[in-house]
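Colleague: Sending over a structure as structure tokens; questions will come in a sec.
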There are 2 protein chains.
Amino acid sequence: MAEVSIDDVAARAGVHRSTVSRAFSRPEAVNAATRKHVLEVAESLGYRVNPLAQALRRRASNLVPLIVPDITNPFYGELARTMAAAAADRGYQLVLCVTGGEVAQTNAYLTSLQEMYAPFGIVAPSTSVDLDELQNVALGSKVVVVDRVEQAQVPTVTVDSAEGIALAVDHLRGLGHRRIAYVSGISGAYTSRDRLAAYEGLAAELDMPAMILDAGTGPDVGERAAERLVHMTREERPTAVIAANDMVAFDLISALGVRGVSVPDEVSVMGFDGLEFGARFNPRLTTVRQPIADMGVIAIDLAEKLLKDGETSHVVLAPDLLIRDSTAEVPR
Amino acid sequence: MAEVSIDDVAARAGVHRSTVSRAFSRPEAVNAATRKHVLEVAESLGYRVNPLAQALRRRASNLVPLIVPDITNPFYGELARTMAAAAADRGYQLVLCVTGGEVAQTNAYLTSLQEMYAPFGIVAPSTSVDLDELQNVALGSKVVVVDRVEQAQVPTVTVDSAEGIALAVDHLRGLGHRRIAYVSGISGAYTSRDRLAAYEGLAAELDMPAMILDAGTGPDVGERAAERLVHMTREERPTAVIAANDMVAFDLISALGVRGVSVPDEVSVMGFDGLEFGARFNPRLTTVRQPIADMGVIAIDLAEKLLKDGETSHVVLAPDLLIRDSTAEVPR
DNA sequence: CCGGTCACTGCGATCGATTGCTGAGATCGG
DNA sequence: CCGATCTCAGCAATCGATCGCAGTGACCGG
């Protein structure tokens, strides 16, 4: 309430403003005894440096934009949660920016936050990040992307799509499945493409028919894929389906349920993401887990490294398998 | 990149700083022609007022904290999304604050954002908001709570729990159910209590046995309730269950699935929230819908009204029914 | 022709911090 | 005992905007 400023502390401690300032931000530049005294006085007055004034002067704030297409999607929700924690640990405050899938929004948010002297930004894109577009914004070069990006000039963190798909295919083949279809869909840009490519590559390699049930986007991929599946003859129908991500898997299972097709009894379904919610789905979803918690921390790390050393590295994490109840041995 | 400031515009337009400032923030106080000229020059230079400097001087920023216990929970996700949109419409920028259920965090975030001159805050509590606690923070009195609150000195927006539960019970009775159980659980403080109370009241009124399957909290209410249910004899077992919220319903259905109990064939399950995700669950969830989108807009409205007129009203919205596939006529 | 209004606009202090520069005093070597 | 070096704290400008106050010129009525 008291709104105590740096001058109040200075007056009370009998020193100059600048000494108080240094006591906080450059400890080595002030006598230890003086510093202790200042800090005690500050403490007793309940003083805290005004982040706005500090940011204005320093031209650097602790506000970090997290740009996601849709916070309703649990993937971004989990990402946001871990990022908020990781950010807080390092003294940053996460600012949530929801683009709703509109590409222009990303840049709008970025410029808006750079006016608040955000030191960097985190972007989790839904569609291909237009890097050229990103370059148009000042903050654009200080961005970490949570997705793979082609010819990236910015740091990125992703999970290894090929390995993830391999894990899924292995698991299903281990259960006896030979006709394994794939449903593409809503997800990160390149990541989504990578997963599809990995599936196709693996299918060729293992001499399996590559069945793409639906490669569209939007909220009803699951619907369309299910529709397609139920109209297949018994021979051509896949015994298992890998979905591009957990949400699509949920969608698909739900749509199959509506059509009376039971998972995993009639067809096995796997997801990709490892959302916590998968453990609460019906049936509990077998899926390839991305280490989302790690991704949050790593993204912040990458950002700090970028600021300090100008180093833009690309971290690719290893996925693992979360075997639950949506996959079973091939029927009969 | 150019970092153009108000002085640049002033110099270029041949006027004083203050005129430029007024051209933007107090249009009526400056000659129309001058203003037009200033605005054009500003436009051509790509000038935008620096929000930090503005906030510092005005002692009011456009940063609005949204405090939620868990952004992973789609309820808060949907809330965040609509709030972000509503806030953006009015020129505010939402700052996401995730407490992880720790009460102290709420106040920490509130003070932290008040130092950034946040004009108000939105709190979606997981447990009883300790209003006395809230009063300890300066921003505490300028908060809108998305939940019912007892003896609230702050504006609130909620949905009518009693009406919602009545809707649910009506729907189930219409399908022939007479043994309708209830599972309490993770959710807003008073809201959660209200729903339970409404259920109990209605049970007494309609002369139905009140069966509370689980009244605990935490992530495994569903588990426990399912466990309890499968151990009941055929006669005592409820034919339908109302869950305190959608997440609990998902949990429960999943846990029942693991135990081989099919929904809605053997038991009907209803949720409460109306999450979009319910339409993608298996089976698609019948639920009482809260107008979450409205709640976001209303919360912002209430906040602005509070600032302007000091008026603290309590909005109670009407829920409606979303009939999908998780409820069916009572078996046999 | 003069004093009074009115509509603008300029001046400069201010918001709360940071930081380069300067100078005071302590320390030290010769 | 003196000058050089070093440590530390004060001074004042600065970040980019806002706003109360004062000044200027136009306009009007008497």
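By order in the structure tokens, chains are A, B, ...; within a chain, residues start at 1; ligands start at 1, following the order shown.
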Excluding DC21 in chain C and residues on its chain fewer than 6 positions from it, collect all residues at most 12 Å away from it, counting only C-alpha atoms (C1' of nucleotides), and give them as a VMD selection string.
Modeller: chain D and resid 10 to 13
Colleague: If you run DSSP on this backbone, which residues of range 14-175 of chain A come out as alpha helix (DSSP H), and could you give them as a PyMOL selection string?
Modeller: chain A and resi 17-25+32-45+51-58+74-89+103-114+131-135+161-174
Colleague: Using 6 Å as the limit and counting only C-alpha atoms, can you tabulate each residue of chain A that touches chain B, with its shortest atom-to-atom distance in Å and the two atoms involved, as a tab-separated table?
Modeller:
```
residue	atom	partner	partner_atom	distance
A:Met1	CA	B:Ala138	CA	5.7
A:Leu52	CA	B:Met116	CA	5.9
A:Ile71	CA	B:Gly77	CA	5.6
A:Thr72	CA	B:Gly77	CA	4.6
A:Pro74	CA	B:Thr72	CA	5.8
A:Gly77	CA	B:Thr72	CA	4.6
A:Glu78	CA	B:Thr72	CA	5.4
A:Val95	CA	B:Val95	CA	4.5
A:Leu96	CA	B:Leu96	CA	5.5
A:Met116	CA	B:Leu52	CA	5.9
A:Ala138	CA	B:Met1	CA	5.7
A:Asp251	CA	B:Arg280	CA	5.1
A:Ser254	CA	B:Asn282	CA	4.5
A:Arg280	CA	B:Asp251	CA	5.1
A:Phe281	CA	B:Ser254	CA	5.4
A:Asn282	CA	B:Ser254	CA	4.5
```
Colleague: Which chain A residues have any atom within 8 Å of an atom of chain D, and for each, what is the nearest pair of atoms with distance in Å to one decimal, counting only C-alpha atoms (C1' of nucleotides), rows sorted by chain and number, as a tab-separated table?
Modeller:
```
residue	atom	partner	partner_atom	distance
A:Val15	CA	D:DA9	C1'	7.9
A:His16	CA	D:DG10	C1'	6.4
A:Ser18	CA	D:DG10	C1'	7.9
A:Thr19	CA	D:DA9	C1'	6.7
A:Ala29	CA	D:DC8	C1'	7.6
A:Val30	CA	D:DC8	C1'	6.4
A:Asn31	CA	D:DC8	C1'	6.7
A:Leu56	CA	D:DC15	C1'	5.5
A:Arg57	CA	D:DC15	C1'	4.5
A:Arg58	CA	D:DC15	C1'	7.6
A:Arg59	CA	D:DC15	C1'	7.7
```
Colleague: For chain C, report every residue with an atom at most 7 Å from chain A (counting only C-alpha atoms (C1' of nucleotides)), formatted as a list in words.
Modeller: DG16, DA17 and DT18 of chain C
Colleague: For Asp294 in chain B, find every residue with an atom within 12 Å (counting only C-alpha atoms (C1' of nucleotides)), except residues of its own chain fewer than 2 positions away, and show them as a PyMOL selection string.
Modeller: chain B and resi 78-79+81-83+85-86+146+157-159+289-292+296-302+315-319
Colleague: Create the file for the chosen residues now, containing N, CA, C and O atoms and written as an mmCIF file, in the first residue's frame.
Modeller:
```
data_model
loop_
_atom_site.group_PDB
_atom_site.id
_atom_site.type_symbol
_atom_site.label_atom_id
_atom_site.label_comp_id
_atom_site.auth_asym_id
_atom_site.auth_seq_id
_atom_site.Cartn_x
_atom_site.Cartn_y
_atom_site.Cartn_z
ATOM 1 N N GLU B 78 -10.066 -23.164 -21.329
ATOM 2 C CA GLU B 78 -11.115 -22.460 -22.078
ATOM 3 C C GLU B 78 -11.357 -21.079 -21.496
ATOM 4 O O GLU B 78 -11.572 -20.108 -22.223
ATOM 5 N N LEU B 79 -11.303 -21.005 -20.192
ATOM 6 C CA LEU B 79 -11.473 -19.712 -19.543
ATOM 7 C C LEU B 79 -10.371 -18.752 -19.995
ATOM 8 O O LEU B 79 -10.626 -17.608 -20.365
ATOM 9 N N ARG B 81 -8.639 -18.831 -22.658
ATOM 10 C CA ARG B 81 -8.773 -18.437 -24.049
ATOM 11 C C ARG B 81 -9.796 -17.317 -24.217
ATOM 12 O O ARG B 81 -9.535 -16.314 -24.875
ATOM 13 N N THR B 82 -10.961 -17.481 -23.627
ATOM 14 C CA THR B 82 -11.971 -16.448 -23.805
ATOM 15 C C THR B 82 -11.557 -15.157 -23.113
ATOM 16 O O THR B 82 -11.813 -14.067 -23.612
ATOM 17 N N MET B 83 -10.889 -15.311 -21.990
ATOM 18 C CA MET B 83 -10.445 -14.115 -21.283
ATOM 19 C C MET B 83 -9.389 -13.368 -22.075
ATOM 20 O O MET B 83 -9.394 -12.134 -22.118
ATOM 21 N N ALA B 85 -9.063 -13.240 -25.204
ATOM 22 C CA ALA B 85 -9.728 -12.543 -26.304
ATOM 23 C C ALA B 85 -10.454 -11.298 -25.791
ATOM 24 O O ALA B 85 -10.299 -10.206 -26.334
ATOM 25 N N ALA B 86 -11.227 -11.485 -24.725
ATOM 26 C CA ALA B 86 -11.980 -10.363 -24.171
ATOM 27 C C ALA B 86 -11.030 -9.257 -23.710
ATOM 28 O O ALA B 86 -11.291 -8.073 -23.921
ATOM 29 N N VAL B 146 -13.863 -15.722 -10.374
ATOM 30 C CA VAL B 146 -14.712 -16.570 -11.206
ATOM 31 C C VAL B 146 -15.098 -17.784 -10.377
ATOM 32 O O VAL B 146 -14.506 -18.849 -10.459
ATOM 33 N N VAL B 157 -18.413 -13.923 -10.772
ATOM 34 C CA VAL B 157 -19.266 -14.463 -11.826
ATOM 35 C C VAL B 157 -19.264 -15.980 -11.698
ATOM 36 O O VAL B 157 -18.212 -16.597 -11.573
ATOM 37 N N THR B 158 -20.430 -16.542 -11.657
ATOM 38 C CA THR B 158 -20.578 -17.988 -11.522
ATOM 39 C C THR B 158 -21.763 -18.455 -12.326
ATOM 40 O O THR B 158 -22.571 -17.665 -12.795
ATOM 41 N N VAL B 159 -21.888 -19.767 -12.365
ATOM 42 C CA VAL B 159 -23.065 -20.331 -12.974
ATOM 43 C C VAL B 159 -23.919 -20.866 -11.831
ATOM 44 O O VAL B 159 -23.410 -21.173 -10.750
ATOM 45 N N ARG B 289 -23.730 -27.460 -19.265
ATOM 46 C CA ARG B 289 -22.787 -26.511 -19.826
ATOM 47 C C ARG B 289 -22.768 -25.193 -19.071
ATOM 48 O O ARG B 289 -23.802 -24.597 -18.788
ATOM 49 N N GLN B 290 -21.587 -24.754 -18.735
ATOM 50 C CA GLN B 290 -21.421 -23.406 -18.223
ATOM 51 C C GLN B 290 -21.045 -22.536 -19.407
ATOM 52 O O GLN B 290 -20.229 -22.941 -20.215
ATOM 53 N N PRO B 291 -21.602 -21.361 -19.482
ATOM 54 C CA PRO B 291 -21.228 -20.479 -20.599
ATOM 55 C C PRO B 291 -19.871 -19.839 -20.337
ATOM 56 O O PRO B 291 -19.784 -18.665 -19.983
ATOM 57 N N ILE B 292 -18.833 -20.633 -20.519
ATOM 58 C CA ILE B 292 -17.486 -20.164 -20.184
ATOM 59 C C ILE B 292 -17.098 -18.924 -20.974
ATOM 60 O O ILE B 292 -16.499 -17.991 -20.457
ATOM 61 N N GLY B 296 -15.866 -15.183 -19.345
ATOM 62 C CA GLY B 296 -14.660 -14.407 -19.582
ATOM 63 C C GLY B 296 -14.972 -12.951 -19.839
ATOM 64 O O GLY B 296 -14.410 -12.053 -19.201
ATOM 65 N N VAL B 297 -15.883 -12.718 -20.755
ATOM 66 C CA VAL B 297 -16.240 -11.350 -21.094
ATOM 67 C C VAL B 297 -16.820 -10.633 -19.885
ATOM 68 O O VAL B 297 -16.460 -9.482 -19.588
ATOM 69 N N ILE B 298 -17.705 -11.322 -19.198
ATOM 70 C CA ILE B 298 -18.359 -10.703 -18.044
ATOM 71 C C ILE B 298 -17.363 -10.355 -16.959
ATOM 72 O O ILE B 298 -17.443 -9.292 -16.341
ATOM 73 N N ALA B 299 -16.402 -11.237 -16.751
ATOM 74 C CA ALA B 299 -15.397 -10.966 -15.722
ATOM 75 C C ALA B 299 -14.673 -9.656 -16.020
ATOM 76 O O ALA B 299 -14.479 -8.819 -15.132
ATOM 77 N N ILE B 300 -14.305 -9.473 -17.271
ATOM 78 C CA ILE B 300 -13.622 -8.227 -17.636
ATOM 79 C C ILE B 300 -14.564 -7.033 -17.453
ATOM 80 O O ILE B 300 -14.173 -5.993 -16.923
ATOM 81 N N ASP B 301 -15.792 -7.212 -17.870
ATOM 82 C CA ASP B 301 -16.771 -6.141 -17.697
ATOM 83 C C ASP B 301 -16.901 -5.752 -16.233
ATOM 84 O O ASP B 301 -16.889 -4.567 -15.881
ATOM 85 N N LEU B 302 -17.032 -6.762 -15.399
ATOM 86 C CA LEU B 302 -17.184 -6.508 -13.969
ATOM 87 C C LEU B 302 -15.984 -5.743 -13.429
ATOM 88 O O LEU B 302 -16.129 -4.829 -12.622
ATOM 89 N N VAL B 315 -22.648 -11.782 -10.718
ATOM 90 C CA VAL B 315 -23.415 -12.295 -11.847
ATOM 91 C C VAL B 315 -23.549 -13.806 -11.736
ATOM 92 O O VAL B 315 -22.564 -14.509 -11.533
ATOM 93 N N VAL B 316 -24.765 -14.267 -11.808
ATOM 94 C CA VAL B 316 -24.996 -15.708 -11.792
ATOM 95 C C VAL B 316 -25.618 -16.114 -13.113
ATOM 96 O O VAL B 316 -26.699 -15.638 -13.464
ATOM 97 N N LEU B 317 -24.925 -16.926 -13.849
ATOM 98 C CA LEU B 317 -25.398 -17.290 -15.173
ATOM 99 C C LEU B 317 -26.197 -18.589 -15.140
ATOM 100 O O LEU B 317 -26.028 -19.422 -14.250
ATOM 101 N N ALA B 318 -27.026 -18.738 -16.143
ATOM 102 C CA ALA B 318 -27.839 -19.955 -16.235
ATOM 103 C C ALA B 318 -27.098 -21.003 -17.062
ATOM 104 O O ALA B 318 -26.615 -20.706 -18.145
ATOM 105 N N PRO B 319 -27.009 -22.196 -16.546
ATOM 106 C CA PRO B 319 -26.381 -23.288 -17.286
ATOM 107 C C PRO B 319 -27.383 -23.892 -18.252
ATOM 108 O O PRO B 319 -28.576 -23.595 -18.175
#
```
Colleague: Distance CA of Asp273 in chain B-CA of Arg195 in chain B, one decimal place?
Modeller: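 CA of Asp273 in chain B sits 11.6 Å away from CA of Arg195 in chain B.
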Colleague: To one decimal place, how far is CA of Thr239 in chain A from CA of Thr327 in chain A in Å?
Modeller: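 Pair CA of Thr239 in chain A / CA of Thr327 in chain A returns 9.9 Å.
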Colleague: Using only C-alpha atoms, which of the listed residues (B:Val241, B:Ile180, B:Ala32, B:Leu322) sits closest to Ala226 in chain B?
Modeller: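 Among the listed residues, B:Val241 lies closest to Ala226 in chain B.
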Colleague: Can you list every residue in range 91-151 of chain A that DSSP puts in strand (DSSP E or B), as a list in words?
Modeller: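 Matching residues, listed in order: Gln93, Leu94, Val95, Leu96, Cys97, Val98, Gly121, Ile122, Val123, Val143, Val144 and Val145 of chain A.
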Colleague: Please measure the separation of CA of Ala198 in chain A and CA of Arg178 in chain A, giving the value in Å to one decimal.
Modeller: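 Going from CA of Ala198 in chain A over to CA of Arg178 in chain A covers 16.5 Å.
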